[in-house]
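What follows is the content of protein-v4.cif, which has mmCIF, C-alpha atoms and all ligand atoms:
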```
data_my_file
#
loop_
_atom_site.label_atom_id
_atom_site.label_comp_id
_atom_site.auth_asym_id
_atom_site.auth_seq_id
_atom_site.Cartn_x
_atom_site.Cartn_y
_atom_site.Cartn_z
CA MET A 286 91.85 119.92 109.52
CA LYS A 287 93.75 116.63 109.92
CA MET A 288 96.86 118.21 108.37
CA GLU A 289 96.74 120.91 111.06
CA GLU A 290 96.70 118.20 113.73
CA LEU A 291 99.60 116.47 112.04
CA GLN A 292 101.44 119.78 111.90
CA LYS A 293 100.99 120.21 115.65
CA ALA A 294 102.35 116.72 116.31
CA LEU A 295 105.35 117.47 114.08
CA ASN A 296 106.26 120.78 115.70
CA GLY A 297 107.70 118.93 118.66
CA ARG A 298 109.85 116.93 116.23
CA SER A 299 111.44 119.93 114.51
CA LEU A 300 109.58 119.33 111.26
CA THR A 301 106.96 121.25 109.37
CA VAL A 302 104.58 120.19 106.57
CA SER A 303 104.98 122.45 103.58
CA THR A 304 103.36 122.48 100.14
CA LEU A 305 105.59 122.77 97.06
CA PRO A 306 104.02 123.90 93.76
CA ASP A 307 104.94 120.84 91.65
CA LYS A 308 105.61 118.22 94.33
CA GLY A 309 102.71 118.58 96.73
CA ARG A 310 103.17 118.14 100.47
CA CYS A 311 106.60 117.60 101.92
CA PHE A 312 108.56 117.79 105.18
CA VAL A 313 110.94 120.64 105.94
CA THR A 314 113.33 120.72 108.91
CA THR A 315 113.02 123.51 111.48
CA ARG A 316 116.49 122.86 112.96
CA ASP A 317 119.80 121.31 111.88
CA PHE A 318 120.07 117.50 111.87
CA SER A 319 123.39 115.61 112.14
CA PRO A 320 124.19 112.46 110.13
CA GLY A 321 122.63 109.39 111.74
CA GLU A 322 120.08 111.36 113.75
CA VAL A 323 116.44 110.16 113.71
CA ILE A 324 114.20 112.65 111.91
CA ILE A 325 110.86 110.87 112.20
CA SER A 326 109.49 107.39 112.96
CA GLN A 327 106.08 105.79 112.55
CA GLU A 328 104.25 102.54 113.33
CA PRO A 329 102.38 101.15 110.30
CA TYR A 330 98.68 101.88 109.84
CA VAL A 331 98.50 98.24 108.74
CA SER A 332 101.17 95.68 107.88
CA VAL A 333 101.40 92.10 106.71
CA PRO A 334 104.30 89.62 106.52
CA ASN A 335 105.30 88.46 103.05
CA LYS A 336 105.31 84.86 101.89
CA ASN A 337 108.60 83.42 100.75
CA SER A 338 108.20 81.16 97.78
CA SER A 339 111.62 79.59 98.32
CA ASP A 340 110.98 78.45 101.88
CA SER A 341 107.50 77.63 103.11
CA SER A 342 108.22 79.24 106.50
CA CYS A 343 105.64 81.71 107.76
CA LYS A 344 106.16 84.74 109.94
CA CYS A 345 104.59 86.21 113.06
CA GLU A 346 101.84 88.61 112.04
CA TRP A 347 103.02 91.28 114.51
CA CYS A 348 106.84 91.08 114.80
CA PHE A 349 107.70 89.09 111.61
CA THR A 350 109.92 86.52 113.36
CA SER A 351 109.89 83.02 111.84
CA SER A 352 111.02 81.12 114.94
CA ASN A 353 108.64 79.24 117.24
CA ILE A 354 105.49 80.39 115.50
CA LYS A 355 102.03 78.83 115.80
CA LYS A 356 98.99 79.11 113.56
CA CYS A 357 95.89 80.87 114.86
CA SER A 358 93.66 77.87 115.52
CA ALA A 359 90.46 79.67 114.52
CA CYS A 360 91.31 81.03 111.05
CA GLN A 361 94.33 78.83 110.21
CA VAL A 362 95.75 81.72 108.17
CA VAL A 363 97.62 83.98 110.56
CA TRP A 364 100.67 82.99 112.65
CA TYR A 365 102.03 84.30 115.96
CA CYS A 366 105.31 83.78 117.85
CA GLY A 367 103.57 83.84 121.22
CA SER A 368 100.77 85.22 123.31
CA SER A 369 102.34 88.67 123.61
CA CYS A 370 102.22 89.38 119.86
CA GLN A 371 98.83 87.71 119.57
CA LYS A 372 97.42 89.90 122.35
CA THR A 373 98.81 93.12 120.88
CA ASP A 374 97.24 92.29 117.51
CA TRP A 375 93.99 90.94 118.94
CA LYS A 376 91.74 93.99 118.52
CA LEU A 377 92.30 93.90 114.78
CA HIS A 378 92.74 90.18 114.30
CA ARG A 379 89.57 89.39 116.23
CA ARG A 380 87.53 90.94 113.37
CA GLU A 381 89.92 89.71 110.71
CA CYS A 382 89.78 86.19 112.17
CA GLN A 383 85.97 86.08 111.91
CA VAL A 384 86.21 87.12 108.27
CA LEU A 385 89.10 84.80 107.36
CA SER A 386 87.47 81.78 109.05
CA LYS A 387 84.59 82.04 106.60
CA VAL A 388 86.76 82.05 103.47
CA ASP A 389 86.23 78.90 101.35
CA LYS A 390 89.06 76.38 101.54
CA GLY A 391 89.63 76.78 97.79
CA ARG A 392 90.08 80.52 98.13
CA ILE A 393 92.63 80.47 100.99
CA LYS A 394 95.44 80.34 98.40
CA SER A 395 94.29 83.63 96.88
CA LEU A 396 94.91 85.43 100.18
CA THR A 397 98.11 87.07 98.93
CA PRO A 398 99.86 89.66 101.11
CA SER A 399 98.30 92.51 99.04
CA ILE A 400 94.79 91.12 99.46
CA ARG A 401 95.37 90.61 103.18
CA LEU A 402 96.78 94.12 103.59
CA MET A 403 93.67 95.60 101.97
CA VAL A 404 91.32 93.51 104.14
CA LYS A 405 93.21 94.72 107.21
CA LEU A 406 93.11 98.33 105.99
CA TYR A 407 89.30 98.23 105.76
CA ILE A 408 88.91 96.48 109.11
CA ARG A 409 91.20 98.93 110.90
CA ARG A 410 89.42 101.89 109.34
CA LYS A 411 86.09 100.49 110.60
CA LEU A 412 87.47 99.82 114.09
CA GLN A 413 88.72 103.40 114.29
CA SER A 414 85.39 104.81 113.12
CA GLU A 415 83.65 102.70 115.80
CA LYS A 416 86.29 103.97 118.29
CA VAL A 417 87.27 100.40 119.21
CA VAL A 418 90.78 101.40 118.18
CA PRO A 419 91.80 104.96 119.16
CA THR A 420 92.94 107.52 116.58
CA THR A 421 95.79 110.01 116.96
CA SER A 422 97.08 112.86 114.82
CA THR A 423 99.56 110.50 113.12
CA ASP A 424 97.38 107.37 113.15
CA ASN A 425 94.08 107.94 111.36
CA TYR A 426 92.38 107.01 108.11
CA ASP A 427 92.26 110.61 106.84
CA LEU A 428 96.01 110.41 106.27
CA VAL A 429 95.52 107.24 104.21
CA GLU A 430 92.67 108.93 102.33
CA ALA A 431 94.98 111.85 101.44
CA LEU A 432 97.61 109.64 99.74
CA VAL A 433 98.04 109.94 95.97
CA SER A 434 96.62 107.13 93.82
CA HIS A 435 97.70 107.99 90.22
CA MET A 436 94.55 106.24 88.93
CA SER A 437 94.66 108.25 85.68
CA ASP A 438 98.20 107.02 84.90
CA ILE A 439 97.41 103.33 85.26
CA ASN A 440 97.01 101.18 82.14
CA GLU A 441 93.95 99.13 81.25
CA LYS A 442 95.51 95.78 82.18
CA GLN A 443 96.45 97.00 85.65
CA LEU A 444 92.97 98.49 86.15
CA VAL A 445 91.36 95.14 85.36
CA LEU A 446 93.69 93.44 87.84
CA TYR A 447 92.87 95.96 90.59
CA ALA A 448 89.14 95.49 89.90
CA GLN A 449 89.50 91.71 90.26
CA MET A 450 91.47 92.09 93.48
CA ALA A 451 88.89 94.57 94.80
CA ASN A 452 86.14 92.10 94.02
CA LEU A 453 87.94 89.42 96.00
CA VAL A 454 88.38 91.76 98.99
CA SER A 455 84.68 92.53 98.90
CA LEU A 456 83.84 88.79 98.77
CA ILE A 457 86.06 88.18 101.79
CA LEU A 458 84.70 91.06 103.88
CA LYS A 459 81.04 90.39 102.97
CA TRP A 460 80.05 93.91 104.09
CA PRO A 461 76.69 95.36 102.99
CA GLU A 462 76.76 97.30 99.73
CA GLY A 463 76.44 100.82 101.15
CA GLU A 464 79.47 100.26 103.36
CA ILE A 465 81.92 99.29 100.68
CA SER A 466 82.44 99.92 96.97
CA ILE A 467 84.57 97.84 94.62
CA LYS A 468 85.63 101.00 92.81
CA ASP A 469 86.95 102.54 96.04
CA ILE A 470 88.89 99.38 96.87
CA ALA A 471 90.44 99.40 93.38
CA VAL A 472 91.56 103.01 93.93
CA ASP A 473 93.03 101.96 97.27
CA PHE A 474 95.02 99.20 95.55
CA SER A 475 96.61 101.78 93.30
CA LYS A 476 97.38 103.85 96.41
CA LEU A 477 99.12 100.89 98.03
CA ALA A 478 101.13 100.29 94.83
CA CYS A 479 102.86 103.67 95.07
CA ASN A 480 102.74 104.26 98.84
CA ALA A 481 103.21 100.98 100.72
CA HIS A 482 106.75 100.23 101.94
CA THR A 483 108.67 96.96 102.00
CA ILE A 484 109.63 96.26 105.62
CA CYS A 485 113.18 94.90 105.90
CA ASP A 486 115.21 93.42 108.75
CA ALA A 487 118.53 94.84 110.02
CA GLU A 488 120.33 93.06 107.18
CA LEU A 489 117.92 94.63 104.69
CA ARG A 490 116.16 91.37 103.80
CA PRO A 491 112.43 91.90 103.04
CA LEU A 492 110.01 90.73 105.75
CA GLY A 493 106.70 92.21 104.78
CA THR A 494 104.73 95.23 103.61
CA GLY A 495 103.38 98.15 105.61
CA LEU A 496 101.47 101.36 105.03
CA TYR A 497 103.01 104.40 106.75
CA PRO A 498 100.91 107.41 105.68
CA VAL A 499 103.11 110.03 107.38
CA ILE A 500 106.36 108.56 106.02
CA SER A 501 104.65 108.47 102.58
CA LEU A 502 104.61 112.29 102.57
CA ILE A 503 108.42 112.31 102.23
CA ASN A 504 109.48 113.01 98.64
CA HIS A 505 112.09 111.23 96.55
CA SER A 506 115.61 112.18 95.50
CA CYS A 507 118.27 110.04 93.79
CA LEU A 508 120.75 111.89 96.03
CA PRO A 509 118.77 111.77 99.29
CA ASN A 510 119.73 113.48 102.54
CA SER A 511 117.92 110.78 104.57
CA VAL A 512 117.28 107.07 104.53
CA LEU A 513 114.37 104.91 105.64
CA VAL A 514 115.15 101.80 107.71
CA PHE A 515 113.00 99.54 109.89
CA GLU A 516 113.29 98.52 113.52
CA GLY A 517 110.85 95.64 113.59
CA ARG A 518 107.63 97.19 112.23
CA LEU A 519 108.67 100.71 113.12
CA ALA A 520 109.72 102.84 110.12
CA VAL A 521 112.60 105.15 111.05
CA VAL A 522 114.01 107.96 108.90
CA HIS A 523 117.66 108.84 109.65
CA ALA A 524 119.70 111.74 108.28
CA VAL A 525 122.58 110.48 106.10
CA GLN A 526 124.29 113.85 105.92
CA HIS A 527 124.23 117.17 107.73
CA ILE A 528 120.78 118.66 107.05
CA PRO A 529 120.54 122.40 107.73
CA LYS A 530 117.41 124.03 109.12
CA GLY A 531 114.85 124.80 106.42
CA THR A 532 115.76 121.87 104.12
CA GLU A 533 113.29 119.42 102.59
CA VAL A 534 113.68 115.87 103.98
CA LEU A 535 114.25 113.48 101.04
CA ILE A 536 114.60 109.69 100.84
CA SER A 537 115.07 107.44 97.81
CA TYR A 538 112.13 105.33 96.61
CA ILE A 539 114.30 103.23 94.33
CA GLU A 540 117.73 101.61 94.06
CA THR A 541 120.06 104.62 93.72
CA ALA A 542 123.00 102.58 92.40
CA ALA A 543 121.92 102.89 88.76
CA SER A 544 122.38 105.17 85.76
CA THR A 545 120.11 108.20 85.33
CA MET A 546 118.17 106.47 82.55
CA THR A 547 117.54 103.34 84.66
CA ARG A 548 116.47 105.41 87.70
CA GLN A 549 114.13 107.63 85.68
CA LYS A 550 112.52 104.57 84.09
CA ALA A 551 111.92 102.93 87.48
CA LEU A 552 110.40 106.12 88.92
CA LYS A 553 108.14 106.65 85.93
CA GLU A 554 106.91 103.05 85.95
CA GLN A 555 106.13 102.73 89.62
CA TYR A 556 105.64 106.29 90.85
CA PHE A 557 104.58 108.16 87.70
CA PHE A 558 106.86 111.18 87.94
CA THR A 559 109.99 112.61 86.34
CA CYS A 560 112.69 113.21 88.92
CA THR A 561 114.43 116.59 88.92
CA CYS A 562 116.95 115.89 91.69
CA PRO A 563 120.55 117.18 91.41
CA ARG A 564 121.63 113.87 89.82
CA CYS A 565 118.76 113.76 87.32
CA ILE A 566 119.01 117.35 86.07
CA LYS A 567 122.54 116.51 84.94
CA ALA A 568 121.14 114.00 82.40
CA GLY A 569 123.02 114.30 79.11
CA GLN A 570 125.89 116.35 80.62
CA TRP A 571 129.43 114.96 80.43
CA ASP A 572 129.59 113.99 84.14
CA ASP A 573 126.34 112.07 83.87
CA ILE A 574 127.36 110.31 80.62
CA LYS A 575 130.62 109.28 82.29
CA GLU A 576 128.89 108.04 85.44
CA SER A 577 126.36 105.98 83.45
CA ALA A 578 129.20 104.47 81.38
CA ILE A 579 130.96 103.44 84.59
CA LEU A 580 127.87 102.02 86.32
CA GLU A 581 126.35 100.22 83.34
CA GLY A 582 129.02 100.25 80.62
CA TYR A 583 132.04 98.24 79.46
CA ARG A 584 135.70 98.08 80.45
CA CYS A 585 138.72 99.03 78.37
CA LYS A 586 140.33 96.37 76.15
CA ASP A 587 143.59 97.13 77.98
CA ASN A 588 143.30 95.43 81.39
CA ARG A 589 145.52 98.00 83.08
CA CYS A 590 143.37 100.93 81.92
CA SER A 591 140.38 101.98 84.04
CA GLY A 592 138.89 104.35 81.45
CA PHE A 593 135.20 104.30 80.57
CA LEU A 594 133.83 103.50 77.12
CA LEU A 595 131.42 105.32 74.84
CA ARG A 596 129.89 104.24 71.53
CA ASP A 597 132.06 105.43 68.61
CA SER A 598 130.65 107.67 65.88
CA GLU A 599 130.92 105.01 63.14
CA ASN A 600 129.05 102.48 65.28
CA LYS A 601 131.86 99.92 65.14
CA GLY A 602 131.87 99.48 68.88
CA PHE A 603 132.93 101.32 72.03
CA VAL A 604 135.96 103.55 72.48
CA CYS A 605 137.91 104.06 75.71
CA GLN A 606 137.81 107.74 76.65
CA GLU A 607 141.14 107.41 78.44
CA CYS A 608 143.43 105.67 75.91
CA GLY A 609 141.35 105.61 72.73
CA LEU A 610 141.32 101.80 72.24
CA LEU A 611 138.25 100.39 70.45
CA ARG A 612 136.29 97.34 71.57
CA GLU A 613 134.42 95.69 68.72
CA LYS A 614 130.65 95.49 68.92
CA GLU A 615 130.66 91.78 68.09
CA GLU A 616 133.13 90.89 70.83
CA ILE A 617 131.04 92.72 73.46
CA LYS A 618 127.86 91.15 72.15
CA SER A 619 129.19 87.60 72.41
CA ILE A 620 130.36 87.99 76.05
CA ALA A 621 127.11 89.74 76.98
CA TYR A 622 125.17 86.86 75.42
CA GLU A 623 127.14 84.30 77.44
CA VAL A 624 126.48 86.23 80.66
CA LYS A 625 122.79 86.43 79.86
CA SER A 626 122.36 82.73 79.16
CA LEU A 627 124.32 81.77 82.29
CA SER A 628 122.17 84.12 84.40
CA GLU A 629 119.04 82.50 83.02
CA LYS A 630 120.46 79.06 83.72
CA VAL A 631 121.31 79.90 87.33
CA SER A 632 117.91 81.49 87.99
CA VAL A 633 116.20 78.13 87.39
CA CYS A 634 118.79 76.33 89.56
CA SER A 635 117.03 74.52 92.39
CA PRO A 636 117.30 76.62 95.54
CA GLY A 637 119.61 75.06 98.07
CA ASN A 638 121.93 73.68 95.42
CA ASN A 639 124.61 76.19 96.32
CA THR A 640 127.69 74.37 95.05
CA ASP A 641 126.30 74.30 91.50
CA ALA A 642 125.27 77.95 91.77
CA ILE A 643 128.77 78.96 92.86
CA LEU A 644 130.34 77.47 89.74
CA VAL A 645 127.93 79.37 87.49
CA TYR A 646 128.28 82.68 89.38
CA LYS A 647 132.07 82.36 89.34
CA THR A 648 131.95 81.97 85.56
CA ILE A 649 129.62 84.98 85.33
CA GLU A 650 132.01 86.99 87.51
CA LYS A 651 134.95 86.10 85.26
CA LEU A 652 133.04 87.10 82.14
CA GLU A 653 131.85 90.34 83.72
CA MET A 654 135.39 91.23 84.77
CA GLU A 655 136.26 90.98 81.09
CA LEU A 656 133.13 92.77 79.91
CA CYS A 657 132.15 95.45 82.43
CA HIS A 658 133.82 98.46 83.98
CA PRO A 659 135.42 97.46 87.35
CA PHE A 660 132.85 99.65 89.17
CA SER A 661 129.86 98.33 87.23
CA ILE A 662 126.66 97.53 89.08
CA SER A 663 126.25 94.08 87.52
CA LEU A 664 129.70 92.95 88.66
CA MET A 665 128.92 94.32 92.14
CA ARG A 666 125.64 92.35 92.21
CA THR A 667 127.32 89.11 91.10
CA ARG A 668 129.92 89.46 93.87
CA GLU A 669 127.15 90.27 96.34
CA THR A 670 125.44 86.99 95.37
CA LEU A 671 128.68 85.02 95.73
CA LEU A 672 129.20 86.58 99.17
CA LYS A 673 125.68 85.51 100.17
CA ILE A 674 126.17 81.93 98.98
CA TYR A 675 129.58 81.58 100.71
CA MET A 676 127.99 82.88 103.92
CA GLU A 677 125.24 80.26 103.65
CA LEU A 678 127.87 77.57 103.10
CA GLN A 679 129.79 78.98 106.09
CA ASN A 680 132.88 79.30 103.95
CA TRP A 681 134.13 82.35 105.85
CA LYS A 682 137.42 82.69 103.98
CA GLU A 683 135.83 83.01 100.54
CA ALA A 684 133.01 85.14 101.98
CA LEU A 685 135.56 87.60 103.39
CA ALA A 686 137.36 87.81 100.04
CA TYR A 687 134.09 88.78 98.32
CA CYS A 688 133.08 91.12 101.12
CA ARG A 689 136.33 93.04 100.59
CA LEU A 690 135.68 93.18 96.83
CA VAL A 691 132.17 94.54 97.35
CA ILE A 692 133.05 97.32 99.81
CA PRO A 693 134.83 99.73 97.41
CA ALA A 694 132.00 99.34 94.87
CA TYR A 695 129.43 100.04 97.61
CA GLU A 696 131.31 103.08 98.85
CA ARG A 697 131.31 104.47 95.36
CA ALA A 698 127.70 103.62 94.51
CA TYR A 699 126.13 104.55 97.88
CA GLN A 700 127.67 107.79 98.99
CA GLY A 701 127.47 109.23 102.48
CA PHE A 702 126.41 107.23 105.50
CA HIS A 703 124.30 104.67 103.67
CA PRO A 704 123.24 101.73 105.88
CA LEU A 705 124.33 99.26 103.18
CA VAL A 706 127.93 100.46 103.50
CA GLY A 707 127.77 100.11 107.29
CA LEU A 708 126.25 96.66 107.00
CA GLN A 709 129.02 95.56 104.62
CA TYR A 710 131.73 96.76 107.04
CA TYR A 711 129.91 94.95 109.83
CA THR A 712 129.87 91.67 107.84
CA CYS A 713 133.53 92.17 106.97
CA GLY A 714 134.46 92.75 110.64
CA LYS A 715 132.48 89.71 111.76
CA LEU A 716 134.22 87.49 109.21
CA GLU A 717 137.67 88.85 110.13
CA TRP A 718 136.88 88.14 113.78
CA PHE A 719 135.89 84.53 112.96
CA LEU A 720 139.09 84.06 111.02
CA GLY A 721 141.25 85.42 113.82
CA GLU A 722 142.23 88.66 112.06
CA THR A 723 141.47 90.61 115.20
CA ASP A 724 143.18 93.91 114.34
CA LYS A 725 141.48 94.14 110.97
CA ALA A 726 138.17 93.16 112.56
CA ILE A 727 138.41 96.05 115.00
CA GLN A 728 139.13 98.45 112.14
CA SER A 729 136.15 97.22 110.09
CA LEU A 730 133.75 97.19 113.05
CA THR A 731 134.82 100.71 114.01
CA LYS A 732 133.99 101.85 110.48
CA ALA A 733 130.64 100.06 110.69
CA VAL A 734 129.84 101.86 113.95
CA ASP A 735 130.85 105.22 112.41
CA VAL A 736 128.44 104.70 109.51
ZN ZN B 1 105.73 87.99 117.21
ZN ZN B 2 92.74 83.89 113.42
ZN ZN B 3 116.66 111.82 90.50
ZN ZN B 4 141.62 102.51 78.04
#
```
Before we go any further, please render this structure as structure tokens.
Amino acid sequence: MKMEELQKALNGRSLTVSTLPDKGRCFVTTRDFSPGEVIISQEPYVSVPNKNSSDSSCKCEWCFTSSNIKKCSACQVVWYCGSSCQKTDWKLHRRECQVLSKVDKGRIKSLTPSIRLMVKLYIRRKLQSEKVVPTTSTDNYDLVEALVSHMSDINEKQLVLYAQMANLVSLILKWPEGEISIKDIAVDFSKLACNAHTICDAELRPLGTGLYPVISLINHSCLPNSVLVFEGRLAVVHAVQHIPKGTEVLISYIETAASTMTRQKALKEQYFFTCTCPRCIKAGQWDDIKESAILEGYRCKDNRCSGFLLRDSENKGFVCQECGLLREKEEIKSIAYEVKSLSEKVSVCSPGNNTDAILVYKTIEKLEMELCHPFSISLMRTRETLLKIYMELQNWKEALAYCRLVIPAYERAYQGFHPLVGLQYYTCGKLEWFLGETDKAIQSLTKAVDV
């Protein structure tokens, strides 16, 4: 019944809900979409800002801004940037506030974003059933109910954790027994684990978590035709390539810049399925072996050679597939060990101590240039980190140098019109503008706009 209503709402958006034999429900286009075009957008059923451990700053409950925010004087838990956000959220927070105000002082710390999201989910469901909050064909609890939970795939340890969290939610809500069951809440936690989305800002930094039951119907591909971004709390799905009429809309649930083995592992662990996308079905074929060796493998002993390396048959080390040179196992091992211990060292570095961090990351970069293929993901990540630190230090010149190093790796790893590539061109253009390289800035910003 509810799916029929959803279908009606989608007709006007050139989409249809279809059921595939092994994938379940999915969205199929009923017209062509051009790259960049919005396919579908949705407000969250519920959302909650995350807590940053590094800085103690809180965020507005509604719009996630951190500037000029004030604590709700009644519950002392939730923050707002002003009366406009507070008013918009009031119908829900009014009930939530009553509940949160009664939580023992000692238990306030256990109000993690996941616990809060679940409390809000139950309150909103109740408000909709009492018709205090209206329901629509894309905003109703039936859609949440219909989400997959994968309860049978979850291990014992996780089940115990969900049961404890469910118990806490029930203690916070204090609803009579017939109205709420700890078992149901535990099932809902497993639903959130594979369906909730991380809400990010325009620069793709995480702000919070939201549940978007319509967006959750979109299936995964490691070579997606669409991408999910956020405009404030609104989830927006854009086409990243030309999508012909009658095609399934696909986004990626995971980091796509990774080898097939790494991607499959991530999907299995968090989403409990084996991906059969065009990239994954190539597993074990020459193209896929080569790609994995470039993304996660080593570089040739000869600095001028850009060949990729594979393990040799006698297990002595890794052989370049371009020029045939061998790199000894022991040599690779010792550099890899150095990188690992430096990474561990820098991860315990006190946040804010950027000058120390730069020295360590520069050393890591040097070692990785010796160790990894020039297009390897780990080298790309190290340079990304250096770019971030130089930006924080407002060292625009160094930042620009790293930005330019990251772009080719991004363009290779994120094909098509990926927002990360656009964002990188935007950063590059901004830096060039600051440094007075106006012509180059215009070129970079034009590319950013194109993406
Ligand atoms: Zn706000
Ligand atoms: Zn409050
Ligand atoms: Zn895949
Ligand atoms: Zn070589």
Worksheet item: Taking all atoms listed in the file into account, which residues are within 8 Å of ligand ZN 3 (chain B), as JSON, numbers by chain?
Response: {"A": [505, 506, 507, 508, 545, 548, 549, 559, 560, 561, 562, 563, 564, 565, 566]}
Emit as AutoDock Vina command-line options the padded axis-aligned box for all listed atoms of region 553-562 of chain A, 3 Å per side, with centre and edge lengths in Å to one decimal.
```
--center_x 110.8 --center_y 109.7 --center_z 88.8 --size_x 18.4 --size_y 19.9 --size_z 11.8
```
Determine, for each residue of chain A having at least one atom at most 12 Å from an atom of ligand ZN 4 (chain B), the closest pair of atoms and their separation in Å to one decimal, counting only C-alpha atoms and all ligand atoms; order by chain and ascending number, as CSV.
```
residue,atom,partner,partner_atom,distance
A:Tyr583,CA,B:ZN4,ZN,10.6
A:Arg584,CA,B:ZN4,ZN,7.8
A:Cys585,CA,B:ZN4,ZN,4.5
A:Lys586,CA,B:ZN4,ZN,6.6
A:Asp587,CA,B:ZN4,ZN,5.7
A:Asn588,CA,B:ZN4,ZN,8.0
A:Arg589,CA,B:ZN4,ZN,7.8
A:Cys590,CA,B:ZN4,ZN,4.5
A:Ser591,CA,B:ZN4,ZN,6.1
A:Gly592,CA,B:ZN4,ZN,4.7
A:Phe593,CA,B:ZN4,ZN,7.1
A:Leu594,CA,B:ZN4,ZN,7.9
A:Leu595,CA,B:ZN4,ZN,11.1
A:Phe603,CA,B:ZN4,ZN,10.6
A:Val604,CA,B:ZN4,ZN,8.0
A:Cys605,CA,B:ZN4,ZN,4.6
A:Gln606,CA,B:ZN4,ZN,6.6
A:Glu607,CA,B:ZN4,ZN,4.9
A:Cys608,CA,B:ZN4,ZN,4.2
A:Gly609,CA,B:ZN4,ZN,6.2
A:Leu610,CA,B:ZN4,ZN,5.9
A:Leu611,CA,B:ZN4,ZN,8.6
A:Arg612,CA,B:ZN4,ZN,9.8
A:His658,CA,B:ZN4,ZN,10.6
```
Item to complete: Residues within 7 Å of ligand ZN 1 (chain B), counting all atoms listed in the file: report them as a list in words.
Response: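 Using all atoms listed in the file, I find these residues within 7 Å of ligand ZN 1 (chain B): Cys345, Glu346, Trp347, Cys348, Phe349, Thr350, Tyr365, Cys366, Gly367 and Cys370 of chain A.
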Item to complete: Measuring atom to atom with all atoms listed in the file, identify which of A:Thr532, A:Gln383, A:Ser351, A:Thr301 is nearest to ligand ZN 2 (chain B).
Response: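 Comparing A:Thr532, A:Gln383, A:Ser351, A:Thr301 against ligand ZN 2 (chain B), the winner is A:Gln383.
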Quick one: contact table of chain A to ligand ZN 2 (chain B), 10 Å max, nearest atom pair and distance in Å to one decimal per residue, counting only C-alpha atoms and all ligand atoms, chain and number order, as a Markdown table?
```
| residue | atom | partner | partner_atom | distance |
| --- | --- | --- | --- | --- |
| A:Lys356 | CA | B:ZN2 | ZN | 7.9 |
| A:Cys357 | CA | B:ZN2 | ZN | 4.6 |
| A:Ser358 | CA | B:ZN2 | ZN | 6.4 |
| A:Ala359 | CA | B:ZN2 | ZN | 4.9 |
| A:Cys360 | CA | B:ZN2 | ZN | 4.0 |
| A:Gln361 | CA | B:ZN2 | ZN | 6.2 |
| A:Val362 | CA | B:ZN2 | ZN | 6.4 |
| A:Val363 | CA | B:ZN2 | ZN | 5.7 |
| A:Trp364 | CA | B:ZN2 | ZN | 8.0 |
| A:Tyr365 | CA | B:ZN2 | ZN | 9.6 |
| A:Gln371 | CA | B:ZN2 | ZN | 9.5 |
| A:Trp375 | CA | B:ZN2 | ZN | 9.0 |
| A:His378 | CA | B:ZN2 | ZN | 6.4 |
| A:Arg379 | CA | B:ZN2 | ZN | 6.9 |
| A:Arg380 | CA | B:ZN2 | ZN | 8.8 |
| A:Glu381 | CA | B:ZN2 | ZN | 7.0 |
| A:Cys382 | CA | B:ZN2 | ZN | 4.0 |
| A:Gln383 | CA | B:ZN2 | ZN | 7.3 |
| A:Val384 | CA | B:ZN2 | ZN | 8.9 |
| A:Leu385 | CA | B:ZN2 | ZN | 7.1 |
| A:Ser386 | CA | B:ZN2 | ZN | 7.2 |
```
Contact check, region 334-421 of chain A to region 460-472 of chain A, at most 12 Å, counting only C-alpha atoms, closest pairs as a tab-separated table:
```
residue	atom	partner	partner_atom	distance
A:Val384	CA	A:Trp460	CA	10.1
A:Ser399	CA	A:Ile470	CA	11.9
A:Ile400	CA	A:Ile470	CA	10.5
A:Leu402	CA	A:Ile470	CA	11.6
A:Met403	CA	A:Ile470	CA	7.9
A:Val404	CA	A:Ile470	CA	9.7
A:Leu406	CA	A:Ile470	CA	10.1
A:Tyr407	CA	A:Ile470	CA	9.0
A:Ile408	CA	A:Trp460	CA	10.5
A:Arg410	CA	A:Glu464	CA	11.7
A:Lys411	CA	A:Glu464	CA	9.8
```
Could you save the residues just selected, with C-alpha atoms, as a PDB file, keeping the file's coordinate frame?
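Contents of selection28.pdb, as written:
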```
ATOM      1  CA  VAL A 384      86.210  87.120 108.270  1.00  0.00           C
ATOM      2  CA  SER A 399      98.300  92.510  99.040  1.00  0.00           C
ATOM      3  CA  ILE A 400      94.790  91.120  99.460  1.00  0.00           C
ATOM      4  CA  LEU A 402      96.780  94.120 103.590  1.00  0.00           C
ATOM      5  CA  MET A 403      93.670  95.600 101.970  1.00  0.00           C
ATOM      6  CA  VAL A 404      91.320  93.510 104.140  1.00  0.00           C
ATOM      7  CA  LEU A 406      93.110  98.330 105.990  1.00  0.00           C
ATOM      8  CA  TYR A 407      89.300  98.230 105.760  1.00  0.00           C
ATOM      9  CA  ILE A 408      88.910  96.480 109.110  1.00  0.00           C
ATOM     10  CA  ARG A 410      89.420 101.890 109.340  1.00  0.00           C
ATOM     11  CA  LYS A 411      86.090 100.490 110.600  1.00  0.00           C
TER      12      LYS A 411
END
```
Worksheet item: Quick one, how far is CA of Leu730 (chain A) from CA of Lys715 (chain A)?
Response: 7.7 Å
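The residue that comes closest to Val736 (chain A), out of A:Cys479, A:Ile393, A:Leu705, A:Ile457 and on the basis of all atoms listed in the file, is A:Leu705.
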Worksheet, complete the sentence: Counting all atoms listed in the file, the residue among A:Met676, A:Glu540, A:Gly495, A:Ile692 that lies closest to Gly707 (chain A) is A:Ile692
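The space between CA of Ser332 (chain A) and CA of Leu444 (chain A) spans 23.4 Å.
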Item to complete: For CA of Asp317 (chain A) and CA of Leu502 (chain A), quote the distance in Å rounded to one decimal.
Response: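 Those two atoms sit 20.0 Å apart.
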